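The structure file run08.cif is reproduced below (mmCIF, C-alpha atoms).
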data_data
#
loop_
_atom_site.label_atom_id
_atom_site.label_comp_id
_atom_site.auth_asym_id
_atom_site.auth_seq_id
_atom_site.Cartn_x
_atom_site.Cartn_y
_atom_site.Cartn_z
CA MET H 197 130.99 95.75 36.75
CA SER H 198 127.68 94.12 35.85
CA VAL H 199 124.48 95.28 37.50
CA PRO H 200 123.04 92.49 39.70
CA LYS H 201 119.78 90.96 38.61
CA LYS H 202 116.97 91.03 41.14
CA ILE H 203 114.49 88.43 42.30
CA TYR H 204 111.28 89.05 44.21
CA ALA H 205 110.08 85.92 46.03
CA LYS H 206 106.76 85.38 47.79
CA THR H 207 105.98 82.27 49.81
CA PHE H 208 102.57 80.75 50.44
CA GLY H 209 101.75 77.97 52.91
CA CYS H 210 103.87 75.78 55.11
CA GLN H 211 107.32 76.03 56.68
CA MET H 212 108.68 73.68 54.04
CA ASN H 213 107.80 76.24 51.40
CA VAL H 214 109.69 78.85 53.43
CA TYR H 215 112.70 76.54 53.37
CA ASP H 216 112.29 75.86 49.64
CA THR H 217 112.09 79.57 48.81
CA ALA H 218 115.31 80.21 50.70
CA ARG H 219 117.02 77.39 48.83
CA MET H 220 115.80 78.68 45.46
CA THR H 221 117.13 82.18 46.11
CA GLU H 222 120.44 80.67 47.25
CA LEU H 223 120.49 78.63 44.06
CA LEU H 224 120.21 81.77 41.91
CA ALA H 225 122.86 83.76 43.78
CA PRO H 226 125.77 82.39 41.68
CA MET H 227 123.90 83.63 38.58
CA GLY H 228 124.11 87.16 39.94
CA PHE H 229 120.65 87.42 41.47
CA VAL H 230 120.01 89.37 44.66
CA GLU H 231 116.72 89.56 46.50
CA THR H 232 114.49 92.61 46.44
CA GLN H 233 111.38 93.51 48.40
CA SER H 234 110.02 95.47 45.43
CA MET H 235 108.22 93.53 42.73
CA GLU H 236 108.48 96.53 40.40
CA GLU H 237 112.28 96.26 40.21
CA ALA H 238 112.48 92.45 39.94
CA ASP H 239 113.85 90.69 36.87
CA VAL H 240 112.39 87.43 38.21
CA VAL H 241 109.18 87.22 40.22
CA LEU H 242 108.86 83.89 42.05
CA LEU H 243 105.68 82.65 43.69
CA ASN H 244 106.25 79.53 45.79
CA THR H 245 102.75 78.19 46.14
CA CYS H 246 100.54 76.05 48.38
CA HIS H 247 97.72 73.79 47.17
CA ILE H 248 96.34 72.71 50.53
CA ARG H 249 93.18 74.85 50.35
CA ASP H 250 91.17 76.45 47.58
CA LYS H 251 91.66 79.97 48.95
CA ALA H 252 95.44 79.59 48.76
CA VAL H 253 95.20 78.61 45.09
CA GLU H 254 92.93 81.50 44.17
CA LYS H 255 95.25 83.90 45.99
CA VAL H 256 98.02 82.78 43.65
CA TYR H 257 95.94 83.57 40.56
CA SER H 258 94.93 86.90 42.06
CA ASP H 259 98.58 87.79 42.60
CA LEU H 260 99.44 86.70 39.08
CA GLY H 261 96.98 89.25 37.72
CA ARG H 262 98.79 92.04 39.55
CA ILE H 263 102.19 90.72 38.51
CA ARG H 264 101.04 90.67 34.87
CA ASP H 265 100.38 94.42 35.11
CA VAL H 266 103.82 95.02 36.61
CA LYS H 267 105.39 92.95 33.83
CA ALA H 268 103.60 95.07 31.21
CA GLU H 269 104.81 98.30 32.80
CA ARG H 270 108.38 97.02 32.90
CA ARG H 271 108.16 95.88 29.27
CA ALA H 272 107.07 99.36 28.27
CA ALA H 273 110.22 100.63 29.96
CA GLY H 274 112.36 98.13 28.05
CA LYS H 275 112.83 95.66 30.90
CA ASP H 276 112.14 91.93 30.88
CA THR H 277 110.39 90.09 33.72
CA ILE H 278 110.35 86.31 34.14
CA ILE H 279 107.31 85.16 36.11
CA THR H 280 107.89 81.82 37.84
CA VAL H 281 105.30 79.74 39.67
CA ALA H 282 106.84 77.08 41.89
CA GLY H 283 105.60 74.75 44.61
CA CYS H 284 102.53 72.59 45.00
CA VAL H 285 100.12 74.59 42.81
CA ALA H 286 102.71 74.34 40.05
CA GLN H 287 102.93 70.59 40.55
CA ALA H 288 99.17 70.06 40.70
CA GLU H 289 98.05 72.35 37.90
CA GLY H 290 101.05 72.47 35.58
CA ALA H 291 100.20 73.84 32.15
CA GLU H 292 96.79 74.99 33.41
CA ILE H 293 98.59 77.86 35.13
CA ALA H 294 100.07 79.07 31.86
CA ARG H 295 96.68 78.70 30.17
CA ARG H 296 94.89 80.77 32.84
CA GLU H 297 97.68 83.34 33.01
CA PRO H 298 99.68 83.55 29.75
CA SER H 299 102.16 86.02 31.27
CA VAL H 300 103.73 83.15 33.27
CA ASN H 301 107.09 82.07 31.84
CA LEU H 302 108.03 79.14 34.04
CA VAL H 303 106.13 76.53 36.08
CA VAL H 304 108.31 74.31 38.29
CA GLY H 305 107.25 71.69 40.81
CA PRO H 306 108.79 71.22 44.28
CA GLN H 307 110.82 68.19 43.18
CA SER H 308 112.43 70.04 40.28
CA TYR H 309 113.40 73.42 41.70
CA HIS H 310 117.08 72.43 41.88
CA ARG H 311 117.01 73.01 38.09
CA LEU H 312 115.65 76.54 38.48
CA GLY H 313 118.84 78.27 37.34
CA ASP H 314 119.00 76.30 34.09
CA LEU H 315 115.28 76.78 33.46
CA ILE H 316 115.49 80.55 33.93
CA ALA H 317 118.50 80.69 31.62
CA ARG H 318 116.37 79.02 28.92
CA THR H 319 113.46 81.38 29.44
CA THR H 320 112.91 84.55 27.44
CA GLY H 321 109.86 86.69 26.91
CA GLU H 322 109.45 85.25 23.41
CA THR H 323 109.49 81.53 24.20
CA PRO H 324 106.48 79.42 25.23
CA PRO H 325 106.23 78.82 28.96
CA ILE H 326 108.35 76.01 30.38
CA VAL H 327 106.49 73.51 32.56
CA GLU H 328 108.76 71.28 34.68
CA THR H 329 106.71 69.05 36.98
CA GLU H 330 108.34 65.65 36.73
CA PHE H 331 109.48 63.60 39.71
CA PRO H 332 113.18 63.12 38.90
CA GLU H 333 115.01 60.08 40.20
CA LEU H 334 118.05 62.13 41.19
CA ASP H 335 118.32 63.54 44.73
CA LYS H 336 117.53 67.24 44.36
CA PHE H 337 119.26 68.05 47.65
CA ALA H 338 122.56 66.83 46.22
CA SER H 339 122.18 69.41 43.44
CA LEU H 340 121.59 72.37 45.76
CA PRO H 341 124.41 74.69 46.85
CA LYS H 342 125.64 74.82 50.42
CA ARG H 343 123.52 76.91 52.73
CA ALA H 344 124.09 80.65 52.57
CA PRO H 345 124.88 82.57 55.76
CA ALA H 346 121.86 82.58 58.05
CA ARG H 347 119.68 85.66 58.31
CA ALA H 348 118.26 84.78 61.72
CA PRO H 349 119.21 82.65 64.72
CA SER H 350 116.37 80.22 63.93
CA ALA H 351 116.27 78.17 60.73
CA PHE H 352 114.27 75.48 58.99
CA LEU H 353 115.93 72.34 57.67
CA THR H 354 114.04 69.88 55.48
CA VAL H 355 114.91 66.28 56.36
CA GLN H 356 111.97 64.43 54.80
CA GLU H 357 109.59 65.04 51.91
CA GLY H 358 106.45 63.44 50.59
CA CYS H 359 103.85 61.29 52.28
CA ASP H 360 102.65 57.70 51.89
CA ARG H 361 99.60 58.05 54.16
CA PHE H 362 97.11 59.21 51.50
CA CYS H 363 94.59 60.95 53.74
CA THR H 364 91.52 61.37 51.56
CA PHE H 365 91.44 65.16 51.97
CA CYS H 366 95.13 65.79 51.29
CA VAL H 367 96.90 66.64 48.04
CA VAL H 368 100.47 66.25 49.40
CA PRO H 369 101.12 62.69 48.08
CA TYR H 370 100.25 63.95 44.60
CA THR H 371 102.26 67.19 44.73
CA ARG H 372 105.26 66.10 46.82
CA GLY H 373 105.38 62.42 45.92
CA ALA H 374 106.39 59.38 47.95
CA GLU H 375 108.23 59.66 51.25
CA TYR H 376 111.92 60.40 50.92
CA SER H 377 114.41 60.93 53.74
CA ARG H 378 117.78 62.62 53.47
CA SER H 379 120.79 60.82 54.93
CA ILE H 380 122.05 61.53 58.43
CA ALA H 381 125.35 62.81 57.00
CA ASP H 382 123.59 65.18 54.60
CA VAL H 383 121.33 66.62 57.30
CA GLU H 384 124.14 66.94 59.83
CA SER H 385 126.37 68.72 57.33
CA GLU H 386 123.68 71.30 56.60
CA ALA H 387 122.92 71.73 60.29
CA ARG H 388 126.58 72.33 61.14
CA ARG H 389 126.85 74.92 58.39
CA LEU H 390 123.79 76.73 59.77
CA VAL H 391 125.25 76.71 63.27
CA ASP H 392 128.59 77.98 61.95
CA HIS H 393 126.65 80.96 60.56
CA GLY H 394 125.00 81.78 63.86
CA VAL H 395 121.86 79.62 63.96
CA ARG H 396 120.94 78.53 67.48
CA GLU H 397 117.61 76.81 66.83
CA ILE H 398 116.76 74.40 64.01
CA THR H 399 113.31 73.10 63.13
CA LEU H 400 113.42 69.83 61.21
CA LEU H 401 110.79 69.74 58.49
CA GLY H 402 108.87 67.05 56.66
CA GLN H 403 105.37 66.49 55.38
CA ASN H 404 105.44 63.44 57.65
CA VAL H 405 108.62 64.16 59.53
CA ASN H 406 108.35 61.43 62.15
CA ALA H 407 108.31 58.85 59.34
CA TYR H 408 111.94 59.88 58.74
CA HIS H 409 114.17 56.90 57.91
CA GLY H 410 117.37 58.36 56.48
CA GLN H 411 120.49 56.30 56.01
CA GLY H 412 122.78 56.43 59.04
CA PRO H 413 126.57 56.20 59.12
CA ASP H 414 126.20 52.46 59.71
CA GLY H 415 124.37 52.09 56.40
CA ARG H 416 121.04 51.36 58.08
CA PRO H 417 117.90 53.52 58.32
CA TRP H 418 117.86 55.78 61.36
CA SER H 419 114.71 57.07 63.03
CA LEU H 420 113.91 60.71 63.62
CA ALA H 421 114.78 60.24 67.30
CA ARG H 422 118.28 59.02 66.39
CA LEU H 423 118.70 61.94 63.98
CA ILE H 424 117.71 64.41 66.71
CA GLY H 425 120.13 62.73 69.12
CA GLN H 426 122.92 63.09 66.56
CA LEU H 427 122.19 66.77 65.94
CA ALA H 428 121.93 67.46 69.66
CA ARG H 429 125.69 66.78 69.87
CA ILE H 430 126.49 69.80 67.70
CA GLY H 431 128.16 72.46 69.81
CA GLY H 432 126.45 75.86 69.60
CA LEU H 433 123.10 74.39 68.61
CA GLU H 434 120.85 75.18 71.55
CA ARG H 435 117.39 74.09 70.42
CA LEU H 436 115.76 71.51 68.17
CA ARG H 437 112.15 71.17 67.01
CA TYR H 438 110.37 69.13 64.34
CA THR H 439 107.13 69.34 62.37
CA THR H 440 104.71 67.99 61.07
CA SER H 441 104.02 64.59 62.62
CA HIS H 442 101.47 61.84 62.02
CA PRO H 443 100.06 60.09 65.11
CA ARG H 444 100.67 56.67 63.55
CA ASP H 445 104.41 57.39 63.25
CA MET H 446 104.96 58.63 66.80
CA ALA H 447 107.40 55.91 67.86
CA ASP H 448 108.44 55.15 71.43
CA ASP H 449 112.01 56.35 70.91
CA LEU H 450 110.73 59.71 69.68
CA ILE H 451 108.42 60.07 72.66
CA ASP H 452 111.32 59.21 74.97
CA ALA H 453 113.51 61.79 73.21
CA HIS H 454 111.26 64.53 74.62
CA ARG H 455 112.27 63.31 78.08
CA ASP H 456 115.92 62.52 77.41
CA LEU H 457 117.18 65.31 75.13
CA PRO H 458 117.24 68.75 76.76
CA LYS H 459 117.79 70.46 73.40
CA LEU H 460 114.50 69.05 72.04
CA MET H 461 111.94 71.70 72.90
CA PRO H 462 108.75 70.76 74.79
CA TYR H 463 106.46 71.45 71.85
CA LEU H 464 104.81 68.96 69.52
CA HIS H 465 102.50 69.53 66.56
CA LEU H 466 100.38 66.38 66.26
CA PRO H 467 97.39 66.75 63.91
CA VAL H 468 94.24 64.96 65.01
CA GLN H 469 91.97 66.39 62.23
CA ALA H 470 88.68 65.20 63.81
CA GLY H 471 87.22 63.61 66.92
CA SER H 472 84.76 61.19 65.32
CA ASP H 473 85.99 57.68 64.57
CA ARG H 474 83.77 57.43 61.50
CA ILE H 475 85.12 60.70 60.10
CA LEU H 476 88.70 59.70 60.92
CA LYS H 477 88.16 56.45 59.01
CA ALA H 478 86.65 58.37 56.08
CA MET H 479 89.73 60.60 56.15
CA ASN H 480 91.96 57.47 56.11
CA ARG H 481 93.79 58.72 59.17
CA LYS H 482 94.44 55.15 60.47
CA HIS H 483 93.85 56.13 64.11
CA THR H 484 90.80 56.37 66.32
CA GLY H 485 89.97 59.07 68.81
CA ALA H 486 90.80 56.74 71.71
CA GLU H 487 94.17 55.84 70.17
CA TYR H 488 95.01 59.50 69.75
CA LEU H 489 94.10 60.25 73.38
CA ALA H 490 96.18 57.30 74.58
CA LEU H 491 99.13 58.67 72.59
CA VAL H 492 98.69 62.10 74.19
CA ASP H 493 98.69 60.46 77.62
CA ARG H 494 101.94 58.61 76.84
CA ILE H 495 103.61 61.80 75.62
CA ARG H 496 102.51 63.80 78.65
CA ALA H 497 103.65 61.02 80.97
CA VAL H 498 107.27 61.46 79.82
CA ARG H 499 107.10 65.25 79.39
CA PRO H 500 104.29 66.70 81.55
CA ASP H 501 104.92 70.31 80.53
CA ILE H 502 104.83 69.67 76.78
CA ALA H 503 102.77 72.07 74.66
CA LEU H 504 100.66 70.23 72.11
CA SER H 505 99.29 71.77 68.95
CA THR H 506 97.11 70.26 66.25
CA ASP H 507 95.24 70.66 62.97
CA VAL H 508 91.45 70.27 62.82
CA ILE H 509 89.12 70.12 59.83
CA VAL H 510 85.42 70.89 60.20
CA GLY H 511 82.73 70.16 57.64
CA PHE H 512 84.31 67.06 56.14
CA PRO H 513 81.80 65.42 53.75
CA GLY H 514 79.07 63.68 55.71
CA GLU H 515 80.06 65.08 59.10
CA THR H 516 76.95 65.19 61.32
CA ASP H 517 76.26 67.52 64.23
CA ALA H 518 77.01 64.68 66.63
CA GLU H 519 80.33 63.96 64.92
CA PHE H 520 81.28 67.62 65.13
CA GLU H 521 80.48 67.43 68.85
CA ASP H 522 83.00 64.56 69.03
CA THR H 523 85.61 66.98 67.71
CA LEU H 524 84.69 69.57 70.32
CA SER H 525 84.94 66.87 73.00
CA MET H 526 88.40 65.95 71.73
CA MET H 527 89.47 69.57 72.01
CA GLU H 528 88.16 69.81 75.57
CA ARG H 529 89.89 66.57 76.53
CA VAL H 530 93.35 67.51 75.19
CA ARG H 531 93.24 71.30 75.67
CA PHE H 532 95.80 72.14 72.99
CA ALA H 533 98.19 75.03 73.53
CA GLN H 534 97.71 75.94 69.87
CA ALA H 535 95.46 74.67 67.10
CA TYR H 536 95.03 75.42 63.41
CA SER H 537 91.47 75.00 62.21
CA PHE H 538 90.07 74.87 58.70
CA LYS H 539 86.84 74.40 56.82
CA TYR H 540 87.07 71.35 54.59
CA SER H 541 88.16 72.44 51.11
CA PRO H 542 87.86 69.88 48.31
CA ARG H 543 91.17 69.44 46.51
CA PRO H 544 90.94 68.21 42.92
CA GLY H 545 92.16 64.65 42.50
CA THR H 546 91.73 63.63 46.13
CA PRO H 547 89.16 60.94 47.06
CA ALA H 548 87.10 63.18 49.33
CA ALA H 549 86.62 65.79 46.62
CA GLY H 550 84.08 63.56 44.89
CA LEU H 551 81.87 63.16 47.96
CA GLU H 552 78.74 65.17 48.61
CA GLN H 553 79.78 68.42 50.28
CA LEU H 554 78.19 70.07 53.31
CA PRO H 555 76.59 73.50 52.93
CA GLU H 556 79.02 76.37 53.33
CA GLU H 557 76.97 77.94 56.12
CA VAL H 558 77.31 74.72 58.16
CA LYS H 559 81.09 74.79 57.76
CA VAL H 560 81.27 78.46 58.72
CA ALA H 561 79.17 77.97 61.86
CA ARG H 562 81.17 74.95 62.98
CA LEU H 563 84.49 76.68 62.37
CA SER H 564 83.39 79.67 64.44
CA GLN H 565 82.32 77.45 67.31
CA LEU H 566 85.55 75.46 67.17
CA GLN H 567 87.73 78.55 67.07
CA SER H 568 86.11 79.95 70.19
CA VAL H 569 87.14 76.76 72.01
CA ILE H 570 90.66 76.94 70.58
CA THR H 571 91.06 80.58 71.64
CA ARG H 572 89.88 79.78 75.17
CA HIS H 573 92.39 76.95 75.57
CA GLN H 574 95.25 78.87 73.98
CA THR H 575 94.61 81.88 76.20
CA ALA H 576 94.49 79.63 79.26
CA PHE H 577 97.80 77.98 78.33
CA ASN H 578 99.49 81.33 77.79
CA SER H 579 98.03 82.81 80.97
CA ALA H 580 99.46 79.91 82.97
CA GLN H 581 102.95 81.14 82.04
CA VAL H 582 102.49 84.52 83.77
CA GLY H 583 104.96 84.81 86.62
CA MET H 584 107.22 82.09 85.24
CA ILE H 585 110.83 82.68 84.22
CA MET H 586 111.78 80.93 81.01
CA PRO H 587 114.56 81.04 78.41
CA VAL H 588 113.64 83.00 75.29
CA LEU H 589 115.62 83.03 72.04
CA PHE H 590 115.28 86.56 70.64
CA ASP H 591 115.33 86.37 66.85
CA ARG H 592 113.86 89.61 65.47
CA ARG H 593 113.03 93.24 66.18
CA GLY H 594 109.54 94.18 67.28
CA ARG H 595 107.27 96.88 65.92
CA ARG H 596 108.03 99.30 68.72
CA PRO H 597 111.35 101.06 69.29
CA GLY H 598 113.61 99.09 71.60
CA GLN H 599 111.47 95.96 71.37
CA LEU H 600 112.72 92.47 70.54
CA ILE H 601 110.62 89.37 69.85
CA GLY H 602 111.60 85.80 70.50
CA ARG H 603 110.26 82.32 71.12
CA SER H 604 109.70 80.49 74.36
CA PRO H 605 110.48 76.77 74.61
CA TYR H 606 106.75 76.24 73.92
CA LEU H 607 106.94 78.23 70.65
CA GLN H 608 105.04 81.19 72.07
CA SER H 609 105.92 84.62 70.75
CA VAL H 610 107.47 86.70 73.55
CA HIS H 611 108.18 90.41 73.31
CA ALA H 612 110.30 92.48 75.66
CA GLN H 613 112.06 95.84 75.79
CA LEU H 614 115.65 94.99 75.00
CA ASP H 615 118.72 96.36 73.31
CA SER H 616 119.32 94.91 69.83
CA SER H 617 122.61 93.44 71.06
CA TRP H 618 120.49 90.57 72.47
CA LEU H 619 119.38 89.44 69.02
CA GLY H 620 120.38 85.83 68.50
CA LYS H 621 120.83 85.18 72.20
CA ILE H 622 118.86 83.22 74.79
CA LEU H 623 117.86 85.20 77.83
CA GLU H 624 115.87 84.35 80.94
CA VAL H 625 112.61 86.28 80.81
CA GLU H 626 109.90 86.71 83.41
CA ILE H 627 106.46 86.56 81.82
CA ALA H 628 104.47 89.63 82.89
CA SER H 629 101.27 89.26 80.88
CA ALA H 630 99.67 87.03 78.27
CA GLY H 631 97.21 87.23 75.41
CA PRO H 632 95.86 84.53 73.12
CA ASN H 633 98.73 84.92 70.65
CA SER H 634 101.75 86.26 72.55
CA LEU H 635 103.44 86.88 75.88
CA ALA H 636 104.96 90.06 77.28
CA GLY H 637 108.15 89.64 79.26
CA VAL H 638 110.46 91.63 81.50
CA ILE H 639 114.10 90.94 82.05
CA PRO H 640 115.24 90.22 85.59
CA GLU H 641 118.21 92.44 86.41
CA ALA H 642 120.49 89.48 87.00
CA SER H 643 119.74 88.06 83.54
CA ALA H 644 120.43 91.26 81.64
CA ALA H 645 123.64 92.02 83.47
#

Produce structure tokens that represent the structure in this file.
Amino acid sequence: MSVPKKIYAKTFGCQMNVYDTARMTELLAPMGFVETQSMEEADVVLLNTCHIRDKAVEKVYSDLGRIRDVKAERRAAGKDTIITVAGCVAQAEGAEIARREPSVNLVVGPQSYHRLGDLIARTTGETPPIVETEFPELDKFASLPKRAPARAPSAFLTVQEGCDRFCTFCVVPYTRGAEYSRSIADVESEARRLVDHGVREITLLGQNVNAYHGQGPDGRPWSLARLIGQLARIGGLERLRYTTSHPRDMADDLIDAHRDLPKLMPYLHLPVQAGSDRILKAMNRKHTGAEYLALVDRIRAVRPDIALSTDVIVGFPGETDAEFEDTLSMMERVRFAQAYSFKYSPRPGTPAAGLEQLPEEVKVARLSQLQSVITRHQTAFNSAQVGMIMPVLFDRRGRRPGQLIGRSPYLQSVHAQLDSSWLGKILEVEIASAGPNSLAGVIPEASAA
């Protein structure tokens, strides 16, 4: 009986990378690979990378230095190690990765990872590094194996890739390519397989997910709202979410779906990026602050309890103090339940990278001020849930003995003292206390009976 080969995988960045890493490890399973949490015992080390900010890129190179040392130690013990860099850094930097870190054996972009098994089979410690960063015409999803049994009751499912919006700060159109949507049949088949393996909540993923236009069973393009309506018919699937959306693609039928489909959770990530119209135009966002606020009003009119989250960039080239104040005003007007904030980070090859940059100290000060506002609003939203009873899907064990952690309909982390038999189940929970990042719940006796 052959000894199984081992793969150590580390994911950087977005939920789509989490999905891609899972698919890559599933792809290698028929070749005899099993996952390990120890890099030192891995025959293949896989870094699935993110290129969205400079810090994320440098973290990859820092990790590669440590992996090089592990590879040398294993070589001294007579063991081979194949170092693979996948994802958006691989796509953006290609052969530069192998030049900066010669220990790397394989560089594979996000549109080519369906060929990972063949590429690894061609790789040895003696051959030059393989760089595979083309945009193949073939549908990579058709080349992937069926989903493996789920490890948790919540799962990601990529339905759309790429972006045609070309925001001036964003590298996604260059690393993920043009927008592509999987067919309704393909997505539904994968969703049903996940549910058959115990998944109760699916988050539909896309770089611009609400631009989804996959082919329906009638041969015509279907919208994301129609896809969600189709998936909502699957028995055993209790919850649906989607991310990330562009304000310009928030169609009326998708807004109405938040009112009409009980399985679609009352949570929406809708990046605004800035509050100043001039900065939004410079970012090529194609919406104004007033248009964004009008969209928020329409969404809240059909689903008043919806939790909104967003992305915000401070220190975009040329941003003045007054324009930063416009962003703060936007935050006060919407009062997001969650927000992800970033200092502007120039990405090579994007239009904004060539503009005159603001001083780092200005970016740091603005980010600090913005994050204090975000924390205040997030804490207020969470505190408003205290005393409420809400359904929580418990999907993992907590740090403390006898503790489980789950998600509320609003994507809040909720922890409660519960027997592990409740993992994978939805339970009514009374919210006892709240912090900025999580809720503490107790189980009413009738619910736990």

Atom CA of Ala470 of chain H sits from atom CA of Met446 of chain H at a separation of 17.8 Å

Excluding Val405 of chain H and residues on its chain fewer than 3 positions from it, collect all residues at most 9 Å away from it, counting all atoms listed in the file, and give them as a VMD selection string.
-> chain H and resid 354 to 357 377 400 to 402 408 420 438 to 442 445

Tell me which protein, DNA and RNA residues are within 7 Å of Thr523 of chain H, counting only C-alpha atoms, leaving out same-chain ones fewer than 4 positions away, and put them as a PyMOL selection string.
-> chain H and resi 470-472+519+527

Pull the neighbourhood of (98.7, 71.0, 42.6) for me: all residues within 10 Å in file coordinates, counting only C-alpha atoms, as a list in words.
->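 Protein, DNA and RNA residues close to (98.7, 71.0, 42.6): Thr245, Cys246, His247, Ile248, Val253, Gly283, Cys284, Val285, Ala286, Gln287, Ala288, Glu289, Gly290, Gly305, Thr329, Val367, Val368, Tyr370, Thr371, Arg372, Arg543, Pro544 and Gly545 of chain H.
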
Shell of 8 Å around Leu489 of chain H, all atoms listed in the file, local chain residues under 4 positions omitted, as JSON, numbers by chain | {"H": [485, 493, 530]}

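When only C-alpha atoms are used to compute distances to Glu254 of chain H, the closest of the residues H:Arg435, H:Lys477, H:Arg572, H:Arg296 turns out to be H:Arg296.
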
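Using only C-alpha atoms, the shortest contact distance between Ser579 of chain H and any of H:Gly602, H:Gly209, H:Gly228, H:Gly631 is found at H:Gly631.
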
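When all atoms listed in the file are used to measure the gap to Met212 of chain H, the shortest distance among H:Ile326, H:Leu551, H:Ala351, H:Ile380 belongs to H:Ala351.
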
Near Asn578 of chain H, within 10 Å and counting all atoms listed in the file, which residues show up once chain neighbours fewer than 6 positions away are dropped, as a list of chain:residue names?
->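 In the requested form, the answer reads H:Ala533, H:Gln534, H:Tyr606, H:Gln608, H:Ile627, H:Ser629, H:Ala630, H:Gly631, H:Pro632, H:Asn633, H:Ser634, H:Leu635.
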
Sphere at (104.1, 55.9, 62.6), radius 12 Å, counting all atoms listed in the file: residues as a ChimeraX atom specification = /H:359-361,404-409,419-420,441-451,466,481-483,491

For atom CA of Ala497 of chain H and atom CA of Ile570 of chain H, determine how far apart the two atoms are, in Å to one decimal place.
->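 It comes out at 23.0 Å.
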